[in-house]
file work_3.txt (compact mmCIF, C-alpha atoms)
# COMPACT_ATOMS: atom_id res chain seq x y z
CA MET A 1470 -35.18 73.28 -25.38
CA THR A 1471 -33.84 73.74 -28.88
CA CYS A 1472 -35.49 72.04 -31.85
CA VAL A 1473 -34.05 68.62 -32.74
CA PRO A 1474 -36.07 67.43 -35.77
CA GLU A 1475 -34.83 63.80 -35.55
CA ARG A 1476 -36.23 63.52 -32.05
CA VAL A 1477 -39.59 64.79 -33.29
CA SER A 1478 -39.64 61.74 -35.60
CA GLY A 1479 -38.86 59.50 -32.63
CA PHE A 1480 -41.62 61.26 -30.68
CA VAL A 1481 -44.16 60.74 -33.48
CA ASP A 1482 -43.27 57.02 -33.58
CA GLY A 1483 -43.34 56.57 -29.80
CA ALA A 1484 -39.69 55.55 -29.82
CA LEU A 1485 -38.45 57.87 -27.05
CA ALA A 1486 -37.82 57.03 -23.41
CA ALA A 1487 -40.57 58.20 -21.02
CA SER A 1488 -38.71 61.27 -19.69
CA GLU A 1489 -37.70 62.38 -23.19
CA ARG A 1490 -41.22 61.90 -24.44
CA VAL A 1491 -42.66 64.19 -21.75
CA GLU A 1492 -40.03 66.79 -22.63
CA LEU A 1493 -40.75 66.58 -26.38
CA GLU A 1494 -44.49 66.66 -25.82
CA ALA A 1495 -44.15 69.97 -24.00
CA HIS A 1496 -41.81 71.31 -26.67
CA VAL A 1497 -44.03 70.30 -29.61
CA ALA A 1498 -47.01 71.90 -27.89
CA ALA A 1499 -45.09 75.16 -27.65
CA CYS A 1500 -43.10 75.13 -30.94
CA GLY A 1501 -45.01 75.79 -34.15
CA ALA A 1502 -42.31 74.41 -36.47
CA CYS A 1503 -41.95 71.14 -34.55
CA ALA A 1504 -45.74 70.78 -34.26
CA GLU A 1505 -46.01 71.19 -38.03
CA GLN A 1506 -43.24 68.63 -38.62
CA ALA A 1507 -44.92 66.16 -36.27
CA GLU A 1508 -48.22 66.52 -38.09
CA ALA A 1509 -46.60 66.19 -41.52
CA GLU A 1510 -44.76 63.02 -40.43
CA ARG A 1511 -47.96 61.53 -39.02
CA GLU A 1512 -49.68 62.22 -42.31
CA ILE A 1513 -46.88 60.57 -44.33
CA ARG A 1514 -46.93 57.58 -41.98
CA ARG A 1515 -50.71 57.29 -42.21
CA ARG A 1516 -50.55 57.27 -46.02
CA LEU A 1517 -47.72 54.73 -46.13
CA GLU A 1518 -49.51 52.46 -43.67
CA ALA A 1519 -52.56 52.58 -45.92
CA LEU A 1520 -50.64 51.50 -49.03
CA PRO A 1521 -52.04 48.19 -50.26
CA SER A 1522 -49.53 45.37 -50.05
CA VAL A 1523 -47.70 44.47 -53.23
CA GLU A 1524 -49.18 41.49 -55.00
CA LEU A 1525 -47.09 38.34 -54.71
CA PRO A 1526 -46.09 37.06 -58.18
CA PRO A 1527 -47.96 33.86 -58.99
CA GLY A 1528 -45.71 30.86 -58.58
CA LEU A 1529 -43.08 32.58 -56.44
CA GLU A 1530 -43.95 30.56 -53.36
CA ALA A 1531 -43.86 27.34 -55.41
CA ARG A 1532 -40.45 28.32 -56.84
CA VAL A 1533 -39.07 29.05 -53.37
CA ARG A 1534 -40.41 25.74 -52.06
CA ARG A 1535 -38.85 23.92 -55.03
CA ARG A 1536 -35.45 25.53 -54.48
CA LEU A 1537 -35.59 24.74 -50.74
CA ARG A 1538 -36.42 21.11 -51.48
CA ARG A 1539 -33.63 20.91 -54.04
CA ARG A 1540 -31.20 22.20 -51.42
CA ARG A 1541 -32.67 19.84 -48.85
CA PHE A 1542 -32.30 16.77 -51.00
CA GLY A 1543 -29.27 18.09 -52.88
CA ALA A 1544 -27.08 16.79 -50.08
CA LEU A 1545 -28.67 13.38 -50.43
CA ARG A 1546 -27.81 13.27 -54.13
CA TRP A 1547 -24.19 12.53 -53.34
CA ALA A 1548 -24.76 11.12 -49.85
CA LEU A 1549 -26.82 8.18 -51.16
CA PRO A 1550 -24.25 6.83 -53.63
CA LEU A 1551 -21.55 7.41 -51.04
CA ALA A 1552 -23.52 5.49 -48.39
CA ALA A 1553 -24.17 2.73 -50.94
CA SER A 1554 -20.45 2.52 -51.77
CA LEU A 1555 -19.55 2.42 -48.08
CA ALA A 1556 -22.15 -0.28 -47.44
CA PHE A 1557 -20.76 -2.27 -50.34
CA LEU A 1558 -17.22 -1.83 -49.01
CA VAL A 1559 -18.27 -2.99 -45.54
CA LEU A 1560 -20.07 -6.01 -47.03
CA TRP A 1561 -17.07 -6.79 -49.20
CA ALA A 1562 -14.72 -6.49 -46.20
CA ARG A 1563 -17.00 -8.69 -44.08
CA GLY A 1564 -16.65 -11.45 -46.63
CA SER A 1565 -12.99 -10.94 -47.46
CA PRO A 1566 -10.76 -13.59 -45.83
CA ALA A 1567 -7.73 -11.28 -46.03
CA VAL A 1568 -9.56 -8.52 -44.11
CA VAL A 1569 -11.18 -10.85 -41.59
CA ALA A 1570 -7.88 -12.74 -40.97
CA ARG A 1571 -6.15 -9.47 -40.11
CA GLU A 1572 -8.95 -8.46 -37.75
CA LEU A 1573 -8.70 -11.82 -35.95
CA ALA A 1574 -4.90 -11.68 -35.71
CA PHE A 1575 -5.09 -8.15 -34.34
CA ASP A 1576 -7.63 -9.14 -31.71
CA HIS A 1577 -5.65 -12.26 -30.74
CA VAL A 1578 -2.51 -10.18 -30.15
CA LYS A 1579 -4.43 -7.50 -28.27
CA CYS A 1580 -6.16 -9.98 -25.92
CA PHE A 1581 -3.08 -12.04 -25.10
CA ARG A 1582 -0.91 -8.96 -24.59
CA LYS A 1583 -2.79 -8.30 -21.38
CA GLY A 1584 -1.63 -10.10 -18.23
CA ARG A 1585 -4.94 -11.88 -18.08
CA VAL A 1586 -7.09 -12.59 -21.11
CA PRO A 1587 -10.37 -10.67 -21.14
CA ALA A 1588 -12.75 -13.63 -20.74
CA LYS A 1589 -16.43 -13.72 -19.82
CA VAL A 1590 -16.26 -17.39 -18.97
CA LEU A 1591 -13.16 -19.00 -17.41
CA THR A 1592 -13.08 -22.78 -17.61
CA SER A 1593 -10.98 -25.69 -18.86
CA ASP A 1594 -14.15 -27.51 -19.99
CA ALA A 1595 -14.88 -26.98 -23.71
CA LEU A 1596 -18.46 -28.19 -23.24
CA ARG A 1597 -19.06 -25.48 -20.68
CA VAL A 1598 -17.73 -22.90 -23.13
CA ARG A 1599 -20.09 -24.19 -25.82
CA GLY A 1600 -22.98 -24.25 -23.31
CA TRP A 1601 -22.25 -20.67 -22.28
CA PHE A 1602 -22.44 -19.49 -25.92
CA SER A 1603 -25.59 -21.58 -26.51
CA ALA A 1604 -27.22 -19.85 -23.56
CA GLN A 1605 -26.63 -16.53 -25.35
CA GLY A 1606 -28.21 -17.95 -28.49
CA THR A 1607 -24.97 -18.42 -30.40
CA ARG A 1608 -24.41 -21.51 -32.52
CA MET A 1609 -20.98 -23.11 -31.95
CA PRO A 1610 -19.15 -26.09 -33.47
CA LEU A 1611 -17.91 -28.83 -31.13
CA LEU A 1612 -14.69 -27.74 -29.46
CA PRO A 1613 -11.81 -29.88 -28.23
CA ASP A 1614 -10.84 -29.51 -24.53
CA ALA A 1615 -7.23 -29.65 -25.59
CA ALA A 1616 -5.22 -29.94 -28.79
CA ALA A 1617 -1.51 -29.80 -29.57
CA ARG A 1618 -0.94 -29.66 -25.81
CA LEU A 1619 -2.97 -26.45 -25.61
CA GLU A 1620 -5.93 -26.34 -23.22
CA VAL A 1621 -9.03 -24.23 -23.26
CA VAL A 1622 -8.98 -21.53 -20.55
CA GLY A 1623 -11.94 -19.29 -21.33
CA ALA A 1624 -13.95 -17.35 -23.86
CA ARG A 1625 -15.77 -14.13 -24.59
CA TYR A 1626 -17.43 -12.23 -27.44
CA CYS A 1627 -14.93 -10.28 -29.51
CA PRO A 1628 -16.05 -6.99 -31.09
CA LEU A 1629 -14.98 -6.74 -34.75
CA PRO A 1630 -14.62 -3.45 -36.65
CA ASP A 1631 -17.85 -4.05 -38.61
CA GLY A 1632 -19.79 -3.91 -35.33
CA SER A 1633 -20.37 -7.65 -35.01
CA PHE A 1634 -19.52 -9.71 -31.92
CA VAL A 1635 -18.06 -13.14 -32.53
CA PRO A 1636 -17.16 -15.98 -30.12
CA HIS A 1637 -13.47 -15.98 -29.19
CA VAL A 1638 -12.12 -19.05 -27.32
CA TYR A 1639 -8.68 -18.98 -25.70
CA TYR A 1640 -6.32 -21.98 -25.60
CA VAL A 1641 -3.04 -21.85 -23.66
CA GLY A 1642 -0.13 -24.32 -23.55
CA ASP A 1643 3.25 -24.60 -21.88
CA GLY A 1644 6.04 -22.31 -22.94
CA GLY A 1645 3.66 -19.39 -23.45
CA ARG A 1646 2.02 -20.98 -26.50
CA ARG A 1647 -1.39 -19.50 -27.28
CA ILE A 1648 -4.13 -20.07 -29.77
CA SER A 1649 -7.36 -18.19 -30.38
CA LEU A 1650 -10.38 -19.81 -31.98
CA PHE A 1651 -12.94 -17.46 -33.49
CA VAL A 1652 -16.34 -18.49 -34.82
CA LEU A 1653 -18.05 -16.33 -37.44
CA ASP A 1654 -21.69 -16.97 -38.17
CA ARG A 1655 -21.36 -15.64 -41.73
CA ARG A 1656 -19.90 -16.52 -45.07
CA VAL A 1657 -16.34 -15.52 -45.70
CA ARG A 1658 -15.14 -16.14 -49.26
CA LEU A 1659 -13.04 -19.24 -48.59
CA ALA A 1660 -12.28 -21.89 -51.18
CA ASP A 1661 -10.44 -24.66 -49.31
CA GLY A 1662 -9.63 -22.56 -46.33
CA TYR A 1663 -7.43 -19.52 -46.14
CA ARG A 1664 -4.06 -19.06 -44.57
CA THR A 1665 -1.96 -16.00 -43.95
CA THR A 1666 0.53 -14.45 -41.53
CA PHE A 1667 -0.13 -11.11 -39.93
CA LEU A 1668 1.59 -9.39 -36.96
CA GLY A 1669 3.79 -12.50 -36.69
CA GLU A 1670 0.72 -14.69 -36.15
CA THR A 1671 -0.42 -17.51 -38.37
CA VAL A 1672 -4.10 -17.30 -39.24
CA HIS A 1673 -5.95 -20.25 -40.67
CA MET A 1674 -9.60 -19.99 -41.62
CA LEU A 1675 -11.85 -22.91 -42.51
CA ARG A 1676 -15.51 -23.81 -42.86
CA ALA A 1677 -17.24 -25.98 -40.30
CA GLY A 1678 -20.94 -26.80 -40.56
CA GLY A 1679 -21.98 -23.50 -42.17
CA LEU A 1680 -19.79 -21.50 -39.79
CA THR A 1681 -16.44 -19.91 -40.44
CA VAL A 1682 -13.74 -20.79 -37.92
CA GLY A 1683 -10.55 -18.77 -37.58
CA LEU A 1684 -7.51 -20.13 -35.75
CA VAL A 1685 -4.72 -17.75 -34.76
CA GLY A 1686 -1.42 -18.66 -33.15
CA GLU A 1687 2.21 -17.70 -33.13
CA HIS A 1688 3.52 -21.12 -34.19
CA ALA A 1689 2.32 -22.46 -37.51
CA ALA A 1690 2.88 -26.05 -36.27
CA ASP A 1691 0.53 -25.46 -33.31
CA VAL A 1692 -2.10 -23.98 -35.59
CA ASP A 1693 -1.86 -26.99 -37.92
CA ALA A 1694 -1.97 -29.52 -35.08
CA PHE A 1695 -4.92 -27.70 -33.54
CA ARG A 1696 -6.69 -27.57 -36.91
CA ARG A 1697 -6.35 -31.34 -37.36
CA ARG A 1698 -7.63 -32.01 -33.84
CA PHE A 1699 -10.48 -29.59 -34.29
CA ALA A 1700 -11.45 -31.18 -37.64
CA SER A 1701 -11.42 -34.68 -36.18
CA THR A 1702 -13.48 -33.54 -33.13
CA THR A 1703 -16.07 -31.98 -35.36
CA ALA A 1704 -16.14 -34.95 -37.72
CA LEU A 1705 -16.35 -37.44 -34.85
CA ARG A 1706 -19.20 -35.66 -33.11
CA LEU A 1707 -21.05 -35.10 -36.38
CA SER A 1708 -20.81 -38.81 -37.24
CA GLU A 1709 -21.98 -39.69 -33.73
CA LEU A 1710 -24.98 -37.44 -34.21
CA ALA A 1711 -25.78 -38.66 -37.70
CA PRO A 1712 -28.50 -41.34 -38.00
CA ALA A 1713 -27.18 -44.87 -38.49
CA PRO A 1714 -27.17 -45.94 -42.11
CA HIS A 1715 -29.85 -48.51 -42.98
CA GLY A 1716 -28.44 -51.92 -43.92
CA HIS A 1717 -29.75 -53.81 -46.92
CA MET B 713 -41.91 18.25 -37.34
CA ASP B 714 -38.36 18.26 -38.62
CA ARG B 715 -36.14 21.26 -39.23
CA GLU B 716 -37.17 21.66 -42.88
CA ASP B 717 -40.91 21.47 -42.19
CA ARG B 718 -40.53 23.90 -39.30
CA PHE B 719 -38.69 26.35 -41.56
CA GLU B 720 -41.38 26.21 -44.24
CA ALA B 721 -44.18 26.55 -41.69
CA ASP B 722 -42.58 29.49 -39.85
CA ALA B 723 -40.81 31.40 -42.61
CA LEU B 724 -42.91 31.08 -45.77
CA PRO B 725 -45.99 32.93 -44.44
CA HIS B 726 -43.88 36.13 -44.45
CA MET B 727 -43.19 35.98 -48.16
CA ARG B 728 -45.74 38.60 -49.15
CA SER B 729 -44.35 41.13 -46.72
CA LEU B 730 -40.75 40.33 -47.76
CA PHE B 731 -41.64 40.61 -51.42
CA GLY B 732 -43.33 43.99 -50.87
CA THR B 733 -40.19 45.39 -49.27
CA ALA B 734 -37.92 43.73 -51.84
CA TYR B 735 -40.00 45.32 -54.59
CA ARG B 736 -39.80 48.75 -52.97
CA MET B 737 -36.03 48.33 -52.59
CA THR B 738 -35.23 47.02 -56.07
CA GLY B 739 -37.91 48.79 -58.08
CA ASN B 740 -38.86 45.83 -60.26
CA ARG B 741 -40.57 42.53 -59.75
CA HIS B 742 -37.89 40.40 -61.34
CA ASP B 743 -35.08 41.62 -59.04
CA ALA B 744 -37.48 41.49 -56.11
CA GLU B 745 -38.23 37.82 -56.85
CA ASP B 746 -34.53 37.01 -57.01
CA LEU B 747 -33.92 38.85 -53.75
CA VAL B 748 -36.74 36.99 -51.99
CA GLN B 749 -35.57 33.60 -53.27
CA GLU B 750 -31.99 34.28 -52.23
CA THR B 751 -33.21 35.49 -48.84
CA TYR B 752 -35.10 32.26 -48.24
CA LEU B 753 -32.17 30.10 -49.30
CA ARG B 754 -29.84 31.97 -46.97
CA ALA B 755 -32.37 31.86 -44.15
CA TYR B 756 -32.73 28.11 -44.66
CA ARG B 757 -28.97 27.62 -44.50
CA GLY B 758 -28.77 29.69 -41.30
CA PHE B 759 -31.97 28.39 -39.70
CA ASP B 760 -29.93 26.58 -37.01
CA ARG B 761 -28.77 29.98 -35.79
CA PHE B 762 -32.32 31.30 -35.46
CA GLU B 763 -33.44 31.32 -31.83
CA PRO B 764 -36.92 29.78 -31.57
CA GLY B 765 -39.33 32.09 -29.78
CA THR B 766 -37.75 35.26 -31.21
CA ASP B 767 -39.31 37.21 -34.06
CA ILE B 768 -38.75 35.26 -37.28
CA ARG B 769 -40.17 38.09 -39.40
CA ALA B 770 -37.52 40.55 -38.16
CA TRP B 771 -34.86 37.85 -38.68
CA LEU B 772 -35.98 37.31 -42.28
CA PHE B 773 -35.91 41.05 -42.97
CA THR B 774 -32.37 41.21 -41.56
CA ILE B 775 -31.32 38.54 -44.07
CA LEU B 776 -33.19 40.31 -46.87
CA TYR B 777 -31.36 43.55 -46.19
CA ARG B 778 -27.98 41.80 -45.91
CA THR B 779 -28.59 39.93 -49.14
CA ARG B 780 -29.40 43.23 -50.82
CA THR B 781 -26.26 45.00 -49.53
CA ASP B 782 -24.06 41.98 -50.32
CA ALA B 783 -25.31 42.06 -53.91
CA PHE B 784 -24.26 45.70 -54.11
CA ARG B 785 -20.89 44.94 -52.59
CA ARG B 786 -20.29 42.22 -55.18
CA LYS B 787 -21.16 44.60 -57.96
CA GLY B 788 -18.98 47.30 -56.37
CA ARG B 789 -21.66 49.93 -56.08
CA SER B 790 -23.96 51.31 -53.43
CA PRO B 791 -27.76 51.31 -53.26
CA ARG B 792 -29.27 53.77 -55.67
CA THR B 793 -32.56 55.45 -56.26
CA VAL B 794 -34.89 53.45 -58.42
CA GLU B 795 -38.03 54.27 -60.32
CA LEU B 796 -40.82 51.84 -59.54
CA ALA B 797 -42.09 50.16 -62.65
CA ASP B 798 -45.81 50.41 -63.29
CA GLU B 799 -46.23 46.63 -63.09
CA GLY B 800 -46.32 46.65 -59.28
CA GLY B 801 -50.04 47.06 -58.92
CA PRO B 802 -51.96 46.30 -55.74
CA ALA B 803 -53.82 43.02 -55.30
CA VAL B 804 -57.31 44.56 -55.43
CA PRO B 805 -57.76 47.64 -57.58
CA PRO B 806 -58.71 50.56 -55.32
CA PRO B 807 -60.95 53.43 -56.48
CA GLN B 808 -59.49 55.63 -59.24
CA ASP B 809 -58.59 58.67 -57.10
CA ALA B 810 -57.06 56.50 -54.41
CA LEU B 811 -55.13 54.65 -57.12
CA SER B 812 -53.67 57.88 -58.35
CA ALA B 813 -52.67 58.97 -54.84
CA GLU B 814 -51.13 55.57 -54.11
CA GLY B 815 -49.31 55.66 -57.41
CA ASP B 816 -47.89 59.08 -56.59
CA LEU B 817 -46.82 57.89 -53.16
CA SER B 818 -45.19 54.72 -54.48
CA ARG B 819 -43.35 56.65 -57.20
CA ALA B 820 -42.24 59.33 -54.72
CA LEU B 821 -40.98 56.61 -52.41
CA SER B 822 -38.98 55.04 -55.22
CA ARG B 823 -37.28 58.35 -55.94
CA ILE B 824 -35.66 58.79 -52.52
CA PRO B 825 -32.25 57.18 -51.87
CA GLU B 826 -32.49 53.57 -50.76
CA THR B 827 -30.68 54.22 -47.48
CA PHE B 828 -33.57 56.41 -46.32
CA ARG B 829 -36.25 54.50 -48.18
CA ALA B 830 -35.36 51.27 -46.37
CA ALA B 831 -35.74 52.91 -42.95
CA VAL B 832 -39.07 54.53 -43.87
CA VAL B 833 -40.49 51.36 -45.46
CA LEU B 834 -39.49 49.24 -42.47
CA ARG B 835 -41.13 51.74 -40.10
CA ASP B 836 -44.20 52.98 -41.96
CA VAL B 837 -45.07 50.09 -44.28
CA GLU B 838 -43.85 47.08 -42.32
CA GLU B 839 -44.40 48.78 -38.93
CA PHE B 840 -41.22 47.56 -37.25
CA SER B 841 -40.08 49.30 -34.05
CA TYR B 842 -36.92 51.43 -34.01
CA ASP B 843 -35.15 48.66 -32.07
CA GLU B 844 -36.05 46.10 -34.73
CA ILE B 845 -35.04 48.44 -37.56
CA ALA B 846 -31.69 49.05 -35.85
CA ARG B 847 -31.09 45.28 -35.77
CA ILE B 848 -32.30 44.72 -39.33
CA LEU B 849 -30.15 47.48 -40.81
CA GLY B 850 -27.26 46.96 -38.36
CA ILE B 851 -27.15 50.61 -37.28
CA PRO B 852 -27.61 52.47 -33.97
CA ILE B 853 -31.10 53.67 -32.93
CA GLY B 854 -30.02 57.31 -33.28
CA THR B 855 -29.18 56.64 -36.92
CA VAL B 856 -32.54 54.92 -37.43
CA MET B 857 -34.24 58.04 -36.08
CA SER B 858 -32.32 60.41 -38.33
CA ARG B 859 -32.81 58.20 -41.43
CA ILE B 860 -36.55 58.05 -40.83
CA HIS B 861 -36.61 61.79 -40.33
CA ARG B 862 -34.62 62.43 -43.51
CA GLY B 863 -36.58 59.84 -45.45
CA ARG B 864 -39.96 61.28 -44.57
CA GLY B 865 -38.68 64.78 -45.38
CA LEU B 866 -37.40 63.66 -48.79
CA LEU B 867 -40.66 61.84 -49.41
CA ARG B 868 -42.64 65.00 -48.69
CA GLN B 869 -40.44 66.91 -51.11
CA ALA B 870 -40.82 64.21 -53.75
CA LEU B 871 -44.61 64.23 -53.30
CA THR B 872 -44.67 67.99 -53.65
CA GLY B 873 -42.57 67.67 -56.79
CA ALA B 874 -44.93 65.02 -58.16
CA GLY B 875 -47.89 67.21 -57.32
CA GLY B 876 -49.20 64.52 -55.03
CA ALA B 877 -48.88 66.35 -51.67
CA GLN B 878 -52.15 66.51 -49.78

call {"tool": "encode", "arguments": {"input": "work_3.txt", "output": "structure tokens"}}
result
Amino acid sequence: MTCVPERVSGFVDGALAASERVELEAHVAACGACAEQAEAEREIRRRLEALPSVELPPGLEARVRRRLRRRRFGALRWALPLAASLAFLVLWARGSPAVVARELAFDHVKCFRKGRVPAKVLTSDALRVRGWFSAQGTRMPLLPDAAARLEVVGARYCPLPDGSFVPHVYYVGDGGRRISLFVLDRRVRLADGYRTTFLGETVHMLRAGGLTVGLVGEHAADVDAFRRRFASTTALRLSELAPAPHGH
Amino acid sequence: MDREDRFEADALPHMRSLFGTAYRMTGNRHDAEDLVQETYLRAYRGFDRFEPGTDIRAWLFTILYRTRTDAFRRKGRSPRTVELADEGGPAVPPPQDALSAEGDLSRALSRIPETFRAAVVLRDVEEFSYDEIARILGIPIGTVMSRIHRGRGLLRQALTGAGGAQ
């Protein structure tokens, strides 16, 4: 075979395939020039391998670690204020009557658009509805069986955009009249109630015994009549439950 | 152990070896430090692409070499021959005659073009296989072989010129 110096390097470094290695071995044994090259390359390699490693500059590892940490937490530098702002926004929205009223109106429309309301409990007995929520550990105000010629038909938990689930009670009357009653176990910034119209629905929110109640219906008159009935039911039951005043 | 801790535990132990090669490539400790720091930052950013169980040392050297060539590309020039500064002493001072021979060898190495120097350093100092060198430098094995051959030849000439051939 003819001399191929590059392959002699590969031979010296054991980088050739088995058949090629055997071939080169025979050639190097027979060729003075290639044998000399192989020996010279081994010598160079031996000397390079014996070179002491370069000393690591003091503090380099610490500097690298610092820069890695800065990169690692660099993302958090803007992520934390952003998360805080988002959390604040969510908290603000949770307490904003305008936001909550829109969420309730949207859910009311969505649920009643279906042929059959998505209820977990179907009953015309308001006490059963209240009992069903109590069994799940949810506090509820006293509910009327019927008001403004609308009757309770069922209830479920409604998922709100902030991830909470709130009681949603359905009332239905003749002529396709419908009212939703939502109960929020949190403070919404209401002064003397809050009223708005959204998606063609009237929303009225009020406080009842530490809870926030939202009423949603297409006809403002129904919502008002229902609100009065609801208020009197709550007041009546609360006065029944209150201890009798002591006479003098 | 999270991603960051895993990176530090797996990658940082190779710093000495990376710095040695960076120093032999750049010719001075300051540039070598910058190269090593940049290599680690890039490696950290791309750590998700590293396949666990494969050789992290070879992966780090691939990034080191790419970082080096990218720096040249940005500056619009190609790797050049550098003279090693005298500051790059070994960790433990060897005997005087050995020191002189090592000094000659290091200086001779620094005088050959970086293209060949990189191949020789990866093979003979860092002891990577031809396959690994091909991956690190992004070239075919045949090219690795010829660069090592040329590099060792140039090194012998440089040593002869420096009067350090033995």

call {"tool": "residues_around", "arguments": {"input": "work_3.txt", "residues": "Glu844 of chain B", "least_positions_apart": "6", "cutoff": "12 Å", "atoms": "all atoms listed in the file", "output": "ChimeraX atom specification"}}
result
/A:1484 /B:766-774,831,834-835,838,850-853,856

call {"tool": "closest_atom_pairs", "arguments": {"input": "work_3.txt", "of": "chain A", "to": "chain B", "cutoff": "7 Å", "atoms": "all atoms listed in the file", "output": "Markdown table"}}
result
| residue | atom | partner | partner_atom | distance |
| --- | --- | --- | --- | --- |
| A:Glu1475 | CA | B:Ser858 | CA | 5.1 |
| A:Ser1478 | CA | B:His861 | CA | 5.6 |
| A:Gly1479 | CA | B:Met857 | CA | 5.9 |
| A:Ala1484 | CA | B:Tyr842 | CA | 6.5 |
| A:Glu1510 | CA | B:Arg864 | CA | 6.6 |
| A:Ile1513 | CA | B:Arg864 | CA | 7.0 |
| A:Arg1514 | CA | B:Asp836 | CA | 5.3 |
| A:Leu1517 | CA | B:Val837 | CA | 5.7 |
| A:Glu1518 | CA | B:Val837 | CA | 5.1 |
| A:Leu1520 | CA | B:Glu814 | CA | 6.5 |
| A:Pro1521 | CA | B:Pro802 | CA | 5.8 |
| A:Ser1522 | CA | B:Pro802 | CA | 6.3 |
| A:Val1523 | CA | B:Gly732 | CA | 5.0 |
| A:Glu1524 | CA | B:Ala803 | CA | 4.9 |
| A:Leu1525 | CA | B:Arg728 | CA | 5.7 |
| A:Val1533 | CA | B:Gln749 | CA | 5.7 |
| A:Leu1537 | CA | B:Leu753 | CA | 6.5 |

call {"tool": "residues_near_point", "arguments": {"input": "work_3.txt", "point": "(-39.5, 67.6, -36.3)", "cutoff": "9 Å", "atoms": "all atoms listed in the file", "output": "PyMOL selection string"}}
result
(chain A and resi 1472-1481+1497+1502-1510) or (chain B and resi 861)

call {"tool": "write_last_selection", "arguments": {"input": "work_3.txt", "atoms": "C-alpha atoms", "output": "tab-separated table (two decimals), in the coordinates of the input"}}
result
chain	number	residue	atom	x	y	z
A	1472	CYS	CA	-35.49	72.04	-31.85
A	1473	VAL	CA	-34.05	68.62	-32.74
A	1474	PRO	CA	-36.07	67.43	-35.77
A	1475	GLU	CA	-34.83	63.80	-35.55
A	1476	ARG	CA	-36.23	63.52	-32.05
A	1477	VAL	CA	-39.59	64.79	-33.29
A	1478	SER	CA	-39.64	61.74	-35.60
A	1479	GLY	CA	-38.86	59.50	-32.63
A	1480	PHE	CA	-41.62	61.26	-30.68
A	1481	VAL	CA	-44.16	60.74	-33.48
A	1497	VAL	CA	-44.03	70.30	-29.61
A	1502	ALA	CA	-42.31	74.41	-36.47
A	1503	CYS	CA	-41.95	71.14	-34.55
A	1504	ALA	CA	-45.74	70.78	-34.26
A	1505	GLU	CA	-46.01	71.19	-38.03
A	1506	GLN	CA	-43.24	68.63	-38.62
A	1507	ALA	CA	-44.92	66.16	-36.27
A	1508	GLU	CA	-48.22	66.52	-38.09
A	1509	ALA	CA	-46.60	66.19	-41.52
A	1510	GLU	CA	-44.76	63.02	-40.43
B	861	HIS	CA	-36.61	61.79	-40.33

call {"tool": "atom_distance", "arguments": {"input": "work_3.txt", "atom1": "atom CA of Leu866 of chain B", "atom2": "atom CA of Arg829 of chain B"}}
result
9.3 Å

call {"tool": "closest_residue", "arguments": {"input": "work_3.txt", "among": "B:Phe784, B:Phe828, B:Arg715, B:Ser822", "to": "Arg761 of chain B", "atoms": "all atoms listed in the file"}}
result
B:Arg715

call {"tool": "residues_around", "arguments": {"input": "work_3.txt", "residues": "Phe1699 of chain A", "least_positions_apart": "6", "cutoff": "12 Å", "atoms": "only C-alpha atoms", "output": "PyMOL selection string"}}
result
chain A and resi 1595+1610-1617+1619+1650+1675-1677+1682-1684+1691-1693+1705-1706

call {"tool": "axis_aligned_box", "arguments": {"input": "work_3.txt", "around": "segment 1646-1655 of chain A", "padding_each_side": "5 Å", "output": "JSON"}}
result
{"center_x": -9.8, "center_y": -18.3, "center_z": -34.1, "size_x": 33.7, "size_y": 15.3, "size_z": 25.2}

call {"tool": "residues_around", "arguments": {"input": "work_3.txt", "residues": "Val1598 of chain A", "least_positions_apart": "3", "cutoff": "10 Å", "atoms": "only C-alpha atoms", "output": "ChimeraX atom specification"}}
result
/A:1589-1595,1601-1604,1609,1611-1612,1614,1621-1625,1636,1638

call {"tool": "atom_distance", "arguments": {"input": "work_3.txt", "atom1": "atom CA of Ser1633 of chain A", "atom2": "atom CA of Leu1555 of chain A"}}
result
16.5 Å

call {"tool": "atom_distance", "arguments": {"input": "work_3.txt", "atom1": "atom CA of Val1672 of chain A", "atom2": "atom CA of His1688 of chain A"}}
result
9.9 Å

call {"tool": "closest_residue", "arguments": {"input": "work_3.txt", "among": "B:Thr872, B:Ala830, B:His726, B:Gly758", "to": "Asp816 of chain B", "atoms": "only C-alpha atoms"}}
result
B:Thr872

call {"tool": "build_atoms", "arguments": {"input": "work_3.txt", "residues": "segment 783-788 of chain B", "atoms": "N, CA and C atoms", "output": "mmCIF file, in the frame of the given file"}}
result
data_model
loop_
_atom_site.group_PDB
_atom_site.id
_atom_site.type_symbol
_atom_site.label_atom_id
_atom_site.label_comp_id
_atom_site.auth_asym_id
_atom_site.auth_seq_id
_atom_site.Cartn_x
_atom_site.Cartn_y
_atom_site.Cartn_z
ATOM 1 N N ALA B 783 -25.230 42.023 -52.440
ATOM 2 C CA ALA B 783 -25.310 42.060 -53.910
ATOM 3 C C ALA B 783 -24.658 43.348 -54.417
ATOM 4 N N PHE B 784 -24.889 44.434 -53.718
ATOM 5 C CA PHE B 784 -24.260 45.700 -54.110
ATOM 6 C C PHE B 784 -22.756 45.639 -53.963
ATOM 7 N N ARG B 785 -22.331 45.019 -52.852
ATOM 8 C CA ARG B 785 -20.890 44.940 -52.590
ATOM 9 C C ARG B 785 -20.208 44.136 -53.694
ATOM 10 N N ARG B 786 -20.877 43.038 -54.107
ATOM 11 C CA ARG B 786 -20.290 42.220 -55.180
ATOM 12 C C ARG B 786 -20.166 43.004 -56.463
ATOM 13 N N LYS B 787 -21.188 43.835 -56.715
ATOM 14 C CA LYS B 787 -21.160 44.600 -57.960
ATOM 15 C C LYS B 787 -20.334 45.871 -57.813
ATOM 16 N N GLY B 788 -19.851 46.155 -56.596
ATOM 17 C CA GLY B 788 -18.980 47.300 -56.370
ATOM 18 C C GLY B 788 -19.688 48.639 -56.461
#
